[in-house]
Every structure is written in C-alpha cells, then in structure tokens.
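Coordinates from final.cif are shown below (mmCIF, C-alpha atoms (C1' of nucleotides)).
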```
data_coords
#
loop_
_atom_site.group_PDB
_atom_site.id
_atom_site.type_symbol
_atom_site.label_atom_id
_atom_site.label_comp_id
_atom_site.auth_asym_id
_atom_site.auth_seq_id
_atom_site.Cartn_x
_atom_site.Cartn_y
_atom_site.Cartn_z
ATOM 1 C CA MET A 27 114.180 109.410 67.893
ATOM 2 C CA PRO A 28 114.558 111.850 70.714
ATOM 3 C CA THR A 29 111.279 110.837 72.294
ATOM 4 C CA THR A 30 111.779 113.063 75.257
ATOM 5 C CA LEU A 31 110.216 112.623 78.635
ATOM 6 C CA ASP A 32 108.539 115.917 77.887
ATOM 7 C CA SER A 33 106.586 114.603 74.964
ATOM 8 C CA THR A 34 105.873 111.280 76.629
ATOM 9 C CA PHE A 35 104.514 112.693 79.857
ATOM 10 C CA SER A 36 102.601 115.426 78.151
ATOM 11 C CA ALA A 37 101.005 112.940 75.767
ATOM 12 C CA LEU A 38 99.986 110.833 78.766
ATOM 13 C CA ALA A 39 98.537 113.816 80.596
ATOM 14 C CA ASP A 40 95.345 113.682 78.583
ATOM 15 C CA PRO A 41 92.657 111.147 79.570
ATOM 16 C CA THR A 42 91.386 110.769 76.025
ATOM 17 C CA ARG A 43 94.852 109.859 74.858
ATOM 18 C CA ARG A 44 95.327 107.373 77.692
ATOM 19 C CA ALA A 45 91.996 105.819 76.751
ATOM 20 C CA ILE A 46 93.172 105.548 73.176
ATOM 21 C CA LEU A 47 96.317 103.775 74.319
ATOM 22 C CA ALA A 48 94.261 101.436 76.475
ATOM 23 C CA ARG A 49 92.103 100.634 73.503
ATOM 24 C CA LEU A 50 95.118 99.988 71.311
ATOM 25 C CA ALA A 51 96.548 97.706 73.946
ATOM 26 C CA GLN A 52 93.736 95.342 73.081
ATOM 27 C CA GLY A 53 94.628 95.361 69.443
ATOM 28 C CA GLU A 54 94.949 97.480 66.377
ATOM 29 C CA ALA A 55 92.149 99.811 65.412
ATOM 30 C CA THR A 56 91.212 102.301 62.772
ATOM 31 C CA VAL A 57 90.750 105.967 63.538
ATOM 32 C CA GLY A 58 86.991 105.579 63.340
ATOM 33 C CA GLU A 59 87.040 102.689 65.779
ATOM 34 C CA LEU A 60 89.147 104.701 68.141
ATOM 35 C CA ALA A 61 86.817 107.667 67.881
ATOM 36 C CA ALA A 62 83.618 105.686 68.430
ATOM 37 C CA PRO A 63 83.656 105.548 72.263
ATOM 38 C CA PHE A 64 84.063 109.312 72.572
ATOM 39 C CA ARG A 65 81.636 112.141 72.160
ATOM 40 C CA ILE A 66 84.251 114.363 70.635
ATOM 41 C CA SER A 67 84.548 114.853 66.914
ATOM 42 C CA MET A 68 86.689 112.800 64.612
ATOM 43 C CA PRO A 69 89.070 115.674 63.833
ATOM 44 C CA ALA A 70 89.723 115.967 67.551
ATOM 45 C CA ILE A 71 90.626 112.284 67.724
ATOM 46 C CA SER A 72 92.741 112.674 64.643
ATOM 47 C CA ARG A 73 94.777 115.302 66.393
ATOM 48 C CA HIS A 74 95.117 113.298 69.578
ATOM 49 C CA LEU A 75 96.568 110.610 67.367
ATOM 50 C CA ARG A 76 99.010 113.067 65.883
ATOM 51 C CA VAL A 77 100.153 113.906 69.403
ATOM 52 C CA LEU A 78 100.537 110.228 70.248
ATOM 53 C CA GLU A 79 102.472 109.584 67.055
ATOM 54 C CA ALA A 80 104.701 112.578 67.680
ATOM 55 C CA ALA A 81 105.458 111.049 71.061
ATOM 56 C CA SER A 82 106.151 107.718 69.338
ATOM 57 C CA LEU A 83 103.435 106.043 71.355
ATOM 58 C CA VAL A 84 101.360 105.083 68.353
ATOM 59 C CA ARG A 85 102.240 104.108 64.836
ATOM 60 C CA SER A 86 99.879 103.914 61.948
ATOM 61 C CA GLU A 87 99.684 103.154 58.288
ATOM 62 C CA ARG A 88 97.181 103.779 55.629
ATOM 63 C CA GLU A 89 95.203 100.742 54.669
ATOM 64 C CA GLY A 90 92.867 101.445 51.834
ATOM 65 C CA LYS A 91 90.223 103.800 52.963
ATOM 66 C CA HIS A 92 91.212 103.384 56.600
ATOM 67 C CA ARG A 93 94.161 104.151 58.774
ATOM 68 C CA ARG A 94 95.209 101.338 61.012
ATOM 69 C CA CYS A 95 96.817 102.340 64.323
ATOM 70 C CA ARG A 96 98.793 100.306 66.754
ATOM 71 C CA LEU A 97 100.427 100.818 70.082
ATOM 72 C CA ASP A 98 104.137 101.508 70.283
ATOM 73 C CA ALA A 99 104.888 101.200 73.959
ATOM 74 C CA GLN A 100 108.632 101.612 73.678
ATOM 75 C CA ALA A 101 108.587 105.229 74.752
ATOM 76 C CA LEU A 102 106.789 104.273 77.939
ATOM 77 C CA ALA A 103 109.916 102.490 79.075
ATOM 78 C CA GLY A 104 111.715 105.793 79.413
ATOM 79 C CA ALA A 105 108.950 107.292 81.481
ATOM 80 C CA SER A 106 108.829 104.177 83.609
ATOM 81 C CA ASP A 107 112.570 104.302 84.187
ATOM 82 C CA TRP A 108 112.308 107.865 85.335
ATOM 83 C CA LEU A 109 109.543 107.035 87.764
ATOM 84 C CA GLU A 110 111.308 103.951 89.040
ATOM 85 C CA SER A 111 114.187 106.075 90.192
ATOM 86 C CA TYR A 112 111.789 107.641 92.657
ATOM 87 C CA ARG A 113 110.310 104.408 93.872
ATOM 88 C CA ARG A 114 112.312 104.344 97.060
ATOM 89 C CA PHE A 115 110.734 107.640 98.040
ATOM 90 C CA TRP A 116 107.229 106.348 98.038
ATOM 91 C CA ASN A 117 108.327 102.978 99.384
ATOM 92 C CA ALA A 118 110.054 104.626 102.265
ATOM 93 C CA GLY A 119 106.904 106.456 103.215
ATOM 94 C CA LEU A 120 106.427 110.110 103.695
ATOM 95 C CA ASP A 121 106.888 110.175 107.442
ATOM 96 C CA ARG A 122 110.265 108.480 107.243
ATOM 97 C CA LEU A 123 111.521 110.591 104.385
ATOM 98 C CA ASP A 124 113.574 112.899 106.550
ATOM 99 C CA THR A 125 115.491 110.199 108.333
ATOM 100 C CA TYR A 126 115.923 108.279 105.122
ATOM 101 C CA LEU A 127 117.537 111.236 103.473
ATOM 102 C CA LYS A 128 119.768 111.833 106.420
ATOM 103 C CA ARG A 129 121.197 108.359 106.350
ATOM 104 C CA ALA A 130 121.480 108.014 102.594
ATOM 105 C CA PRO A 131 122.882 111.204 101.129
ATOM 106 C CA GLN A 132 122.802 111.157 97.361
ATOM 107 C CA GLN A 133 123.360 113.025 94.175
ATOM 108 C CA PRO A 134 121.125 114.111 91.329
ATOM 109 C CA GLY A 135 118.598 112.484 89.153
ATOM 110 C CA PRO A 136 117.164 111.851 91.920
ATOM 111 C CA GLY A 137 120.337 110.051 92.851
ATOM 112 C CA LYS A 138 120.831 106.349 92.893
ATOM 113 C CA GLY A 139 118.870 105.783 89.747
ATOM 114 C CA ASN A 140 120.697 108.293 87.571
ATOM 115 C CA SER A 141 117.712 107.704 85.268
ATOM 116 C CA ARG A 142 117.543 110.031 82.346
ATOM 117 C CA ALA A 143 116.437 113.266 83.875
ATOM 118 C CA LYS A 144 116.669 115.856 81.181
ATOM 119 C CA SER A 145 116.812 119.456 82.243
ATOM 120 C CA ARG A 146 116.546 122.300 79.806
ATOM 121 C CA MET B 14 93.026 113.680 97.532
ATOM 122 C CA PRO B 15 92.010 112.939 93.979
ATOM 123 C CA THR B 16 95.533 113.362 92.628
ATOM 124 C CA THR B 17 94.600 112.266 89.172
ATOM 125 C CA LEU B 18 96.899 110.811 86.582
ATOM 126 C CA ASP B 19 96.107 113.939 84.609
ATOM 127 C CA SER B 20 97.660 116.258 87.128
ATOM 128 C CA THR B 21 100.554 113.917 87.829
ATOM 129 C CA PHE B 22 101.575 113.393 84.232
ATOM 130 C CA SER B 23 101.044 116.990 83.289
ATOM 131 C CA ALA B 24 103.153 118.146 86.227
ATOM 132 C CA LEU B 25 105.899 115.772 85.111
ATOM 133 C CA ALA B 26 105.738 116.966 81.519
ATOM 134 C CA ASP B 27 107.806 120.052 82.288
ATOM 135 C CA PRO B 28 111.601 119.684 82.513
ATOM 136 C CA THR B 29 111.936 122.477 85.041
ATOM 137 C CA ARG B 30 109.483 120.745 87.327
ATOM 138 C CA ARG B 31 111.241 117.409 86.946
ATOM 139 C CA ALA B 32 114.497 119.133 87.799
ATOM 140 C CA ILE B 33 112.874 120.590 90.895
ATOM 141 C CA LEU B 34 111.738 117.135 91.945
ATOM 142 C CA ALA B 35 115.234 115.779 91.350
ATOM 143 C CA ARG B 36 116.630 118.517 93.509
ATOM 144 C CA LEU B 37 114.134 117.818 96.265
ATOM 145 C CA ALA B 38 114.992 114.150 96.125
ATOM 146 C CA GLN B 39 118.336 115.130 97.567
ATOM 147 C CA GLY B 40 116.757 116.935 100.461
ATOM 148 C CA GLU B 41 114.512 119.766 101.432
ATOM 149 C CA ALA B 42 115.085 123.178 99.984
ATOM 150 C CA THR B 43 113.724 126.675 100.111
ATOM 151 C CA VAL B 44 112.128 128.319 97.108
ATOM 152 C CA GLY B 45 115.210 130.432 96.582
ATOM 153 C CA GLU B 46 117.470 127.394 96.648
ATOM 154 C CA LEU B 47 115.233 125.691 94.138
ATOM 155 C CA ALA B 48 115.237 128.736 91.897
ATOM 156 C CA ALA B 49 119.008 129.231 91.960
ATOM 157 C CA PRO B 50 119.994 126.730 89.238
ATOM 158 C CA PHE B 51 117.574 128.227 86.734
ATOM 159 C CA ARG B 52 117.689 131.356 84.664
ATOM 160 C CA ILE B 53 113.998 131.901 84.972
ATOM 161 C CA SER B 54 112.537 134.360 87.435
ATOM 162 C CA MET B 55 111.474 133.536 90.952
ATOM 163 C CA PRO B 56 107.770 134.051 90.231
ATOM 164 C CA ALA B 57 108.057 131.448 87.502
ATOM 165 C CA ILE B 58 109.541 128.974 89.974
ATOM 166 C CA SER B 59 106.883 129.896 92.467
ATOM 167 C CA ARG B 60 104.237 128.886 89.992
ATOM 168 C CA HIS B 61 105.959 125.659 89.065
ATOM 169 C CA LEU B 62 105.847 124.883 92.745
ATOM 170 C CA ARG B 63 102.156 125.638 92.868
ATOM 171 C CA VAL B 64 101.653 123.150 90.050
ATOM 172 C CA LEU B 65 103.715 120.536 91.865
ATOM 173 C CA GLU B 66 101.813 121.109 95.092
ATOM 174 C CA ALA B 67 98.489 120.934 93.267
ATOM 175 C CA ALA B 68 99.641 117.573 91.955
ATOM 176 C CA SER B 69 100.616 116.576 95.501
ATOM 177 C CA LEU B 70 104.188 116.014 94.427
ATOM 178 C CA VAL B 71 105.608 118.643 96.730
ATOM 179 C CA ARG B 72 104.627 119.868 100.137
ATOM 180 C CA SER B 73 105.857 122.989 101.810
ATOM 181 C CA GLU B 74 105.550 125.037 104.926
ATOM 182 C CA ARG B 75 106.472 128.507 105.885
ATOM 183 C CA GLU B 76 109.520 128.717 108.052
ATOM 184 C CA GLY B 77 110.245 132.230 109.126
ATOM 185 C CA LYS B 78 111.183 134.251 106.122
ATOM 186 C CA HIS B 79 111.563 131.156 103.971
ATOM 187 C CA ARG B 80 109.373 128.451 102.590
ATOM 188 C CA ARG B 81 110.743 124.982 102.982
ATOM 189 C CA CYS B 82 109.730 122.462 100.323
ATOM 190 C CA ARG B 83 109.990 118.734 100.311
ATOM 191 C CA LEU B 84 109.231 115.919 97.941
ATOM 192 C CA ASP B 85 106.007 113.975 98.265
ATOM 193 C CA ALA B 86 106.521 111.050 95.945
ATOM 194 C CA GLN B 87 103.314 109.259 96.806
ATOM 195 C CA ALA B 88 101.506 110.450 93.707
ATOM 196 C CA LEU B 89 104.260 108.998 91.544
ATOM 197 C CA ALA B 90 103.147 105.534 92.594
ATOM 198 C CA GLY B 91 99.900 105.959 90.715
ATOM 199 C CA ALA B 92 101.687 107.041 87.564
ATOM 200 C CA SER B 93 104.117 104.179 87.930
ATOM 201 C CA ASP B 94 101.294 101.669 88.338
ATOM 202 C CA TRP B 95 99.678 102.924 85.191
ATOM 203 C CA LEU B 96 102.907 102.579 83.242
ATOM 204 C CA GLU B 97 103.651 99.170 84.688
ATOM 205 C CA SER B 98 100.452 97.835 83.210
ATOM 206 C CA TYR B 99 102.001 98.466 79.813
ATOM 207 C CA ARG B 100 105.328 96.917 80.605
ATOM 208 C CA ARG B 101 104.620 93.686 78.770
ATOM 209 C CA PHE B 102 104.128 95.694 75.599
ATOM 210 C CA TRP B 103 107.592 97.084 75.566
ATOM 211 C CA ASN B 104 109.052 93.883 76.962
ATOM 212 C CA ALA B 105 107.452 91.913 74.198
ATOM 213 C CA GLY B 106 109.059 94.088 71.588
ATOM 214 C CA LEU B 107 107.369 95.892 68.792
ATOM 215 C CA ASP B 108 107.931 93.302 66.111
ATOM 216 C CA ARG B 109 106.334 90.566 68.162
ATOM 217 C CA LEU B 110 103.394 92.688 69.231
ATOM 218 C CA ASP B 111 101.032 91.305 66.648
ATOM 219 C CA THR B 112 101.564 87.687 67.500
ATOM 220 C CA TYR B 113 101.528 88.459 71.169
ATOM 221 C CA LEU B 114 98.123 90.047 70.893
ATOM 222 C CA LYS B 115 96.824 87.174 68.855
ATOM 223 C CA ARG B 116 97.744 84.610 71.431
ATOM 224 C CA ALA B 117 96.793 86.609 74.490
ATOM 225 C CA PRO B 118 93.527 88.438 73.892
ATOM 226 C CA GLN B 119 92.695 90.806 76.712
ATOM 227 C CA GLN B 120 90.377 93.444 78.027
ATOM 228 C CA PRO B 121 90.743 97.087 79.061
ATOM 229 C CA GLY B 122 93.004 99.062 81.192
ATOM 230 C CA PRO B 123 95.131 97.958 79.140
ATOM 231 C CA GLY B 124 94.056 94.499 80.183
ATOM 232 C CA LYS B 125 95.929 92.046 82.310
ATOM 233 C CA GLY B 126 97.014 95.158 84.091
ATOM 234 C CA ASN B 127 96.522 94.239 87.727
ATOM 235 C CA SER B 128 99.186 96.859 88.318
ATOM 236 C CA ARG B 129 101.512 96.614 91.302
ATOM 237 C CA ALA B 130 103.442 94.020 89.360
ATOM 238 C CA LYS B 131 106.868 94.617 90.733
ATOM 239 C CA SER B 132 109.130 92.965 88.270
ATOM 240 C CA ARG B 133 112.051 95.111 89.167
ATOM 241 C "C1'" DT C 21 81.312 109.311 36.287
ATOM 242 C "C1'" DT C 22 79.054 109.985 40.433
ATOM 243 C "C1'" DG C 23 78.495 109.169 45.005
ATOM 244 C "C1'" DT C 24 79.881 107.501 49.667
ATOM 245 C "C1'" DT C 25 82.936 106.704 53.315
ATOM 246 C "C1'" DA C 26 87.235 107.549 56.132
ATOM 247 C "C1'" DA C 27 90.020 110.636 57.512
ATOM 248 C "C1'" DT C 28 92.715 115.004 57.312
ATOM 249 C "C1'" DT C 29 93.184 120.029 56.719
ATOM 250 C "C1'" DA C 30 91.573 124.722 57.427
ATOM 251 C "C1'" DA C 31 89.794 128.296 60.008
ATOM 252 C "C1'" DC C 32 88.172 129.737 64.202
ATOM 253 C "C1'" DA C 33 87.370 130.329 69.338
ATOM 254 C "C1'" DA C 34 88.275 129.457 74.177
ATOM 255 C "C1'" DT C 35 91.299 128.130 77.449
ATOM 256 C "C1'" DC C 36 95.784 126.822 79.373
ATOM 257 C "C1'" DT C 37 100.961 127.492 79.832
ATOM 258 C "C1'" DG C 38 105.009 129.477 80.950
ATOM 259 C "C1'" DG C 39 107.350 133.328 80.966
ATOM 260 C "C1'" DT C 40 107.954 138.421 82.008
ATOM 261 C "C1'" DT C 41 108.061 142.870 85.218
ATOM 262 C "C1'" DA C 42 106.082 145.531 88.893
ATOM 263 C "C1'" DA C 43 103.829 145.788 93.109
ATOM 264 C "C1'" DC C 44 102.744 143.717 97.403
ATOM 265 C "C1'" DT C 45 103.172 140.908 102.021
ATOM 266 C "C1'" DG C 46 105.405 139.257 105.976
ATOM 267 C "C1'" DA C 47 109.402 138.212 108.785
ATOM 268 C "C1'" DA C 48 114.042 139.725 110.240
ATOM 269 C "C1'" DA C 49 117.530 142.890 110.972
ATOM 270 C "C1'" DT C 50 119.098 147.555 111.846
ATOM 271 C "C1'" DA D 14 110.272 152.623 112.713
ATOM 272 C "C1'" DT D 15 112.678 151.560 108.545
ATOM 273 C "C1'" DT D 16 114.821 148.724 105.637
ATOM 274 C "C1'" DT D 17 115.889 144.470 103.653
ATOM 275 C "C1'" DC D 18 115.051 139.884 102.254
ATOM 276 C "C1'" DA D 19 112.078 135.854 100.566
ATOM 277 C "C1'" DG D 20 108.422 134.948 98.331
ATOM 278 C "C1'" DT D 21 103.688 135.590 96.275
ATOM 279 C "C1'" DT D 22 100.192 138.116 93.603
ATOM 280 C "C1'" DA D 23 98.741 140.906 89.731
ATOM 281 C "C1'" DA D 24 98.682 142.215 85.087
ATOM 282 C "C1'" DC D 25 100.152 141.123 80.923
ATOM 283 C "C1'" DC D 26 101.930 138.618 76.754
ATOM 284 C "C1'" DA D 27 102.986 134.933 73.233
ATOM 285 C "C1'" DG D 28 102.260 130.621 71.958
ATOM 286 C "C1'" DA D 29 100.338 125.967 72.562
ATOM 287 C "C1'" DT D 30 96.143 122.948 73.421
ATOM 288 C "C1'" DT D 31 91.642 121.265 72.659
ATOM 289 C "C1'" DG D 32 87.646 121.588 70.878
ATOM 290 C "C1'" DT D 33 84.305 123.052 67.079
ATOM 291 C "C1'" DT D 34 82.308 123.071 61.988
ATOM 292 C "C1'" DA D 35 83.140 123.284 57.077
ATOM 293 C "C1'" DA D 36 85.861 122.042 53.238
ATOM 294 C "C1'" DT D 37 89.059 118.801 51.162
ATOM 295 C "C1'" DT D 38 91.451 114.495 49.850
ATOM 296 C "C1'" DA D 39 91.673 109.575 48.821
ATOM 297 C "C1'" DA D 40 89.862 105.161 48.145
ATOM 298 C "C1'" DC D 41 86.201 102.343 47.162
ATOM 299 C "C1'" DA D 42 81.380 101.228 45.175
ATOM 300 C "C1'" DA D 43 77.637 102.162 41.850
#
```
I'd like the structure from this file rewritten - as structure tokens, please.
Amino acid sequence: MPTTLDSTFSALADPTRRAILARLAQGEATVGELAAPFRISMPAISRHLRVLEAASLVRSEREGKHRRCRLDAQALAGASDWLESYRRFWNAGLDRLDTYLKRAPQQPGPGKGNSRAKSR
Amino acid sequence: MPTTLDSTFSALADPTRRAILARLAQGEATVGELAAPFRISMPAISRHLRVLEAASLVRSEREGKHRRCRLDAQALAGASDWLESYRRFWNAGLDRLDTYLKRAPQQPGPGKGNSRAKSR
DNA sequence: TTGTTAATTAACAATCTGGTTAACTGAAAT
DNA sequence: ATTTCAGTTAACCAGATTGTTAATTAACAA
C-alpha cells in the first residue's frame, strides 16, 4: 500500500536482494532455488525475502512443500519516477550545472518533475 | 570511483538525504542552509552529507567559514539504468507477467536489460 | 506412524544507522 | 587577542540489519 521510497530504495541497497530480483526476473522460483546460488544460509535468504515482500517487490504463495516467489516490479516504478526527475542533472553534465541552474530556476522535488519526494 | 549501486541506493533510502538532494537540485547551499528545514541537529546533517559525498551524490568545498555543497547527480544514472532494465516488468503489468515470461524467456541482469533504454 | 524435505522461527552476536550532546577547529569580526 | 560563527569530531545510545546455528512447523513419502 504505502510502498514508500524508503522501503524500496533500502530493499534495493543490498546486492543479495538485487540478485534475487534479477533471478526472479527470469521466472518464478522457490525459496530453495533462490538460495542455491548463494553461500549464505537459507534463513538468511528467507529474511531477505521478507524484506522484499515488505517492500512489495516480491510476492509469494505456499505451494505444497514449497513457497513459490515471483517478482512484483510495480514498486520500482516509483523509484524510477523519483530518479527520472533528476535526469536532467546528469544529462546536463556536472561542469554545466551552475549555468544550467542559473538559467532555469526551479522549485522543489527537485523541481520540474515534482515526482513524489517524501520528506519526514 | 566505484560508486556502487549499494552506496547509491542506500544513500537514497533515507528521506532526509533525499530532501537534501532535492534542496541541492535548486542550487548550491551551505551546510547550515541545508540543515535549516530540519529539526535534527547540525552534526546529524553533517553526517548525512558525509554519506551523500561517500556515494558521490554531493560534492562540497570549503568557502571561508562555510562549506558550499552542490549536487552531483552522475551516480543517479547508474541507479536509473538498473531500474530501467526492469521497466518492462511494471509496464507489462502484474497479471500478465506469467504469460509474458512464457513467451519471452530471458537471461540475467534481469535479462534483455541493455539498460540506457530511454523510453521517456 | 515415522521419516524426510522445505522453509520459518528463535535466540544470539556483530555491525551499521541515525540520532543526541559536548568538545573541538578554523575563519571572521571585534 | 578574544570572541563568535560554521561546521566537524568524539563519545555515546537505541534500535535496526545481517548473518549464524538450533529448533520448529508443514507437507509429502514410506
């Protein structure tokens, strides 16, 4: 529901979790299948999955003895939107940032994009 | 130099830091100016800035008594690229994900990836 | 029923985070 | 030279994160 940028970005900050998402992008998988490529224990994977589910990036359902997980990329759209609103800054190039700002004064969020910046 | 996705995403996971970036998107600012909108102490802001600088999202230089900070959005491009490679998953829509995967089997990364796909 | 397999929960430790206040540093102003 | 201002560093705290191993639950197989 809320699926804040906080939870999205912080879920994505971990390389194991990004690897899990990459794996799920190729198709559904059980917890065991997801754990296989890693050296870390199954409980550790299980908790990474809880984090990903809390961030609404993964959904899963019990299926007999297994738990089948699949990607839910919807929340990534919000993060992408946020980043897009900064695109002009890296397009413009660092060296021209000053002049750019001078000739295009803007407001918050970072400005044009309005995005969905959520302060506390 | 390395500016990993780890450091980028984890820097972005904090709302105060995102607010600082939004503020800097409007123009340079001193540490005090950045701290003003928040109720938290100046040392706290100072450390948020250290995190942002470590993630190469902000650069700063001493200027007399002050420290002037400015946005360095370059690192956001990497995060954006990563997210873009998942765009098709949220474009496709959750309900059609299964069929999509069945008719377009892919590899890792999450796959077709190729990044830099500017569909916007 | 008994055992096996898949996965979660529990309990624990180490480390990281984000905040605090107090003390310090360096530049500017008096 | 002293004070004041802007900011960082130090020491500390509470709570979250990430991992571990051991115990537990749930479903299936014998």
Legend entry - For chain B, the nearest of the candidates A:Ser36, A:Thr56, A:Ser67, A:Ser82, counting only C-alpha atoms: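 The closest residue to chain B is A:Ser36.
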Inset, instruction - Would you write out, as a ChimeraX atom specification, every residue that the PyMOL selection byres ((chain B) within 12 of (chain C)) captures in this file? - result: /B:23-24,26-30,52-61,64,75-80
Legend entry - Point-to-point distance in Å for C1' of DT37 (chain D) and CA of Arg49 (chain A):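 Interatomic distance, CA of Arg49 (chain A) to C1' of DT37 (chain D): 29.0 Å.
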Inset, instruction - Enter the distance from CA of Asp32 (chain A) to CA of Leu25 (chain B), in Å, rounded to one decimal. - result: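 Between CA of Asp32 (chain A) and CA of Leu25 (chain B) the gap is 7.7 Å.
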Inset, instruction - Show me which bits of chain D are within 8 Å of chain B, counting all atoms listed in the file, as a PyMOL selection string. - result: chain D and resi 18-21
Just-selected residues, C-alpha atoms (C1' of nucleotides) written as an mmCIF file, keeping the file's coordinate frame:
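What ended up in part07.cif:
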```
data_model
loop_
_atom_site.group_PDB
_atom_site.id
_atom_site.type_symbol
_atom_site.label_atom_id
_atom_site.label_comp_id
_atom_site.auth_asym_id
_atom_site.auth_seq_id
_atom_site.Cartn_x
_atom_site.Cartn_y
_atom_site.Cartn_z
ATOM 1 C "C1'" DC D 18 115.051 139.884 102.254
ATOM 2 C "C1'" DA D 19 112.078 135.854 100.566
ATOM 3 C "C1'" DG D 20 108.422 134.948 98.331
ATOM 4 C "C1'" DT D 21 103.688 135.590 96.275
#
```
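The space between CA of Trp108 (chain A) and CA of Ala67 (chain B) spans 20.6 Å.
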Legend entry - Among the residues A:Cys95, A:Leu60, A:Ala101, A:Ile46, the one that comes closest to Leu83 (chain A) [using all atoms listed in the file]: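 Smallest distance to Leu83 (chain A) is found for A:Ala101.
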Inset, instruction - Can you work out which one of B:Ala48, B:Arg83, B:Gly91, B:Gln39 has the shortest atom-to-atom distance to chain A, counting only C-alpha atoms? - result: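 Closest candidate: B:Gln39.
Minimum distance to chain B across A:Arg44, A:Phe35, A:Ala55, A:Ala105 (counting only C-alpha atoms) occurs at A:Phe35.
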Inset, instruction - Check the smallest atom-to-atom distance from each of A:Trp116, A:Glu54, A:Thr30, A:Glu79 to chain B using only C-alpha atoms, then report the winner. - result: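 Using only C-alpha atoms, the shortest distance to chain B belongs to A:Trp116.
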Please report, as AutoDock Vina command-line options, the centre and edge lengths in Å to one decimal of an axis-aligned box covering all listed atoms of region 23-35 of chain C with 8 Å per side.
```
--center_x 85.8 --center_y 118.5 --center_z 61.2 --size_x 30.7 --size_y 39.6 --size_z 48.4
```
Legend entry - Protein, DNA and RNA residues within 6 Å of (106.5, 101.3, 84.6), all atoms listed in the file, as an NGL selection string: (:A and (106)) or (:B and (93 or 96-97))
Emit the selected residues as a compact mmCIF listing (two decimals), keeping the file's coordinate frame, including C-alpha atoms.
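result_3.txt written:
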```txt
# COMPACT_ATOMS: atom_id res chain seq x y z
CA SER A 106 108.83 104.18 83.61
CA SER B 93 104.12 104.18 87.93
CA LEU B 96 102.91 102.58 83.24
CA GLU B 97 103.65 99.17 84.69
```
Inset, instruction - Go through A:Asp107, A:Pro63, A:Gln100, A:Arg76 one by one, measure the shortest atom-to-atom distance of each to chain B using all atoms listed in the file, and give the residue with the smallest value. - result: A:Gln100
